[in-house]
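Asker: Provided below: upload.tsv, containing TSV, C-alpha atoms.
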chain	number	residue	atom	x	y	z
Z	208	MET	CA	-69.59	-21.37	-10.60
Z	209	SER	CA	-66.07	-20.48	-11.66
Z	210	ALA	CA	-65.23	-18.64	-14.86
Z	211	TYR	CA	-63.61	-21.87	-16.12
Z	212	GLU	CA	-66.84	-23.82	-15.51
Z	213	MET	CA	-68.97	-21.12	-17.13
Z	214	VAL	CA	-66.82	-21.02	-20.27
Z	215	GLY	CA	-66.70	-24.82	-20.32
Z	216	ARG	CA	-70.50	-24.96	-20.49
Z	217	HIS	CA	-70.51	-22.60	-23.46
Z	218	VAL	CA	-67.76	-24.53	-25.21
Z	219	GLN	CA	-69.73	-27.76	-24.78
Z	220	ALA	CA	-72.82	-26.07	-26.23
Z	221	ALA	CA	-70.75	-24.89	-29.21
Z	222	LEU	CA	-69.38	-28.41	-29.71
Z	223	ASP	CA	-72.89	-29.88	-29.55
Z	224	GLU	CA	-74.17	-27.41	-32.14
Z	225	ALA	CA	-71.12	-27.95	-34.34
Z	226	ALA	CA	-71.64	-31.73	-34.25
Z	227	LYS	CA	-75.20	-31.26	-35.50
Z	228	ARG	CA	-73.75	-29.29	-38.43
Z	229	SER	CA	-70.95	-31.79	-39.11
Z	230	ILE	CA	-68.27	-29.34	-37.99
Z	231	SER	CA	-65.31	-31.04	-36.33
Z	232	ASP	CA	-64.13	-30.34	-32.80
Z	233	ASP	CA	-60.77	-29.31	-34.29
Z	234	VAL	CA	-62.40	-26.54	-36.34
Z	235	VAL	CA	-64.31	-25.36	-33.26
Z	236	ALA	CA	-61.07	-25.32	-31.25
Z	237	ARG	CA	-59.33	-23.18	-33.89
Z	238	CYS	CA	-62.29	-20.78	-33.90
Z	239	LEU	CA	-62.18	-20.54	-30.10
Z	240	LEU	CA	-58.45	-19.84	-30.21
Z	241	SER	CA	-59.06	-17.07	-32.75
Z	242	GLU	CA	-61.75	-15.60	-30.50
Z	243	ALA	CA	-59.42	-15.72	-27.48
Z	244	ILE	CA	-56.78	-13.83	-29.46
Z	245	ARG	CA	-59.41	-11.30	-30.56
Z	246	LEU	CA	-60.36	-10.74	-26.90
Z	247	PHE	CA	-56.74	-10.27	-25.90
Z	248	LYS	CA	-56.30	-7.70	-28.68
Z	249	ALA	CA	-59.52	-5.93	-27.66
Z	250	ALA	CA	-58.01	-5.59	-24.18
Z	251	ALA	CA	-55.10	-3.72	-25.81
Z	252	ARG	CA	-52.57	-6.44	-25.10
Z	253	SER	CA	-49.48	-6.37	-27.30
Z	254	ASN	CA	-48.70	-9.12	-29.77
Z	255	ASP	CA	-45.67	-10.09	-27.66
Z	256	ASP	CA	-47.86	-10.33	-24.55
Z	257	ILE	CA	-50.44	-12.45	-26.38
Z	258	ALA	CA	-47.68	-14.69	-27.74
Z	259	ALA	CA	-46.27	-15.10	-24.22
Z	260	GLU	CA	-49.74	-16.05	-22.94
Z	261	LEU	CA	-50.16	-18.66	-25.67
Z	262	THR	CA	-46.64	-19.99	-25.15
Z	263	ALA	CA	-47.28	-20.35	-21.42
Z	264	ALA	CA	-50.46	-22.29	-22.19
Z	265	ALA	CA	-48.61	-24.59	-24.59
Z	266	ASP	CA	-45.73	-25.08	-22.16
Z	267	ASN	CA	-48.08	-26.04	-19.32
Z	268	LEU	CA	-50.45	-28.49	-20.98
Z	269	ASP	CA	-52.03	-30.87	-18.47
Z	270	ASP	CA	-55.21	-32.77	-19.26
Z	271	ASP	CA	-56.34	-32.83	-15.64
Z	272	THR	CA	-55.86	-29.20	-14.64
Z	273	PRO	CA	-57.29	-26.06	-16.24
Z	274	LEU	CA	-54.63	-23.52	-17.04
Z	275	VAL	CA	-54.75	-20.66	-14.58
Z	276	PHE	CA	-53.42	-17.39	-15.94
Z	277	MET	CA	-51.59	-15.47	-13.26
Z	278	ARG	CA	-50.71	-11.90	-14.05
Z	279	PRO	CA	-47.93	-10.09	-12.16
Would you give me this structure, written as structure tokens?

Answerer:
Amino acid sequence: MSAYEMVGRHVQAALDEAAKRSISDDVVARCLLSEAIRLFKAAARSNDDIAAELTAAADNLDDDTPLVFMRP
């Protein structure tokens, strides 16, 4: 199982639990984004580096392909 598949399973579980509590998918998505940023900061990445990562994700949106982060 890939890391993408593993995280996807956990995201689906979070969405299922949120639905039971009448929490929208949009709220869950914002929480997940906040958690991703927290993880980047915990890894001592600079704000500029995190912003570049998020910009790359936004610039490469494709519904059919998971975004693959490639570090130099």

Asker: Taking all atoms listed in the file into account, name the residue in Z:Arg245, Z:Arg237, Z:His217, Z:Arg228 that is nearest to Z:Ile257.

Answerer: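 Checking each of Z:Arg245, Z:Arg237, Z:His217, Z:Arg228 against Z:Ile257, counting all atoms listed in the file, the winner is Z:Arg245.
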
Asker: Please list as a count of residues only every residue within 12 Å of Z:Leu261, counting only C-alpha atoms and excluding residues in the same chain fewer than 3 positions away.

Answerer: 17

Asker: What does the structure give for the distance between atom CA of Z:Asp232 and atom CA of Z:Gln219, in Å to one decimal?

Answerer: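 Pair atom CA of Z:Asp232 / atom CA of Z:Gln219 returns 10.1 Å.
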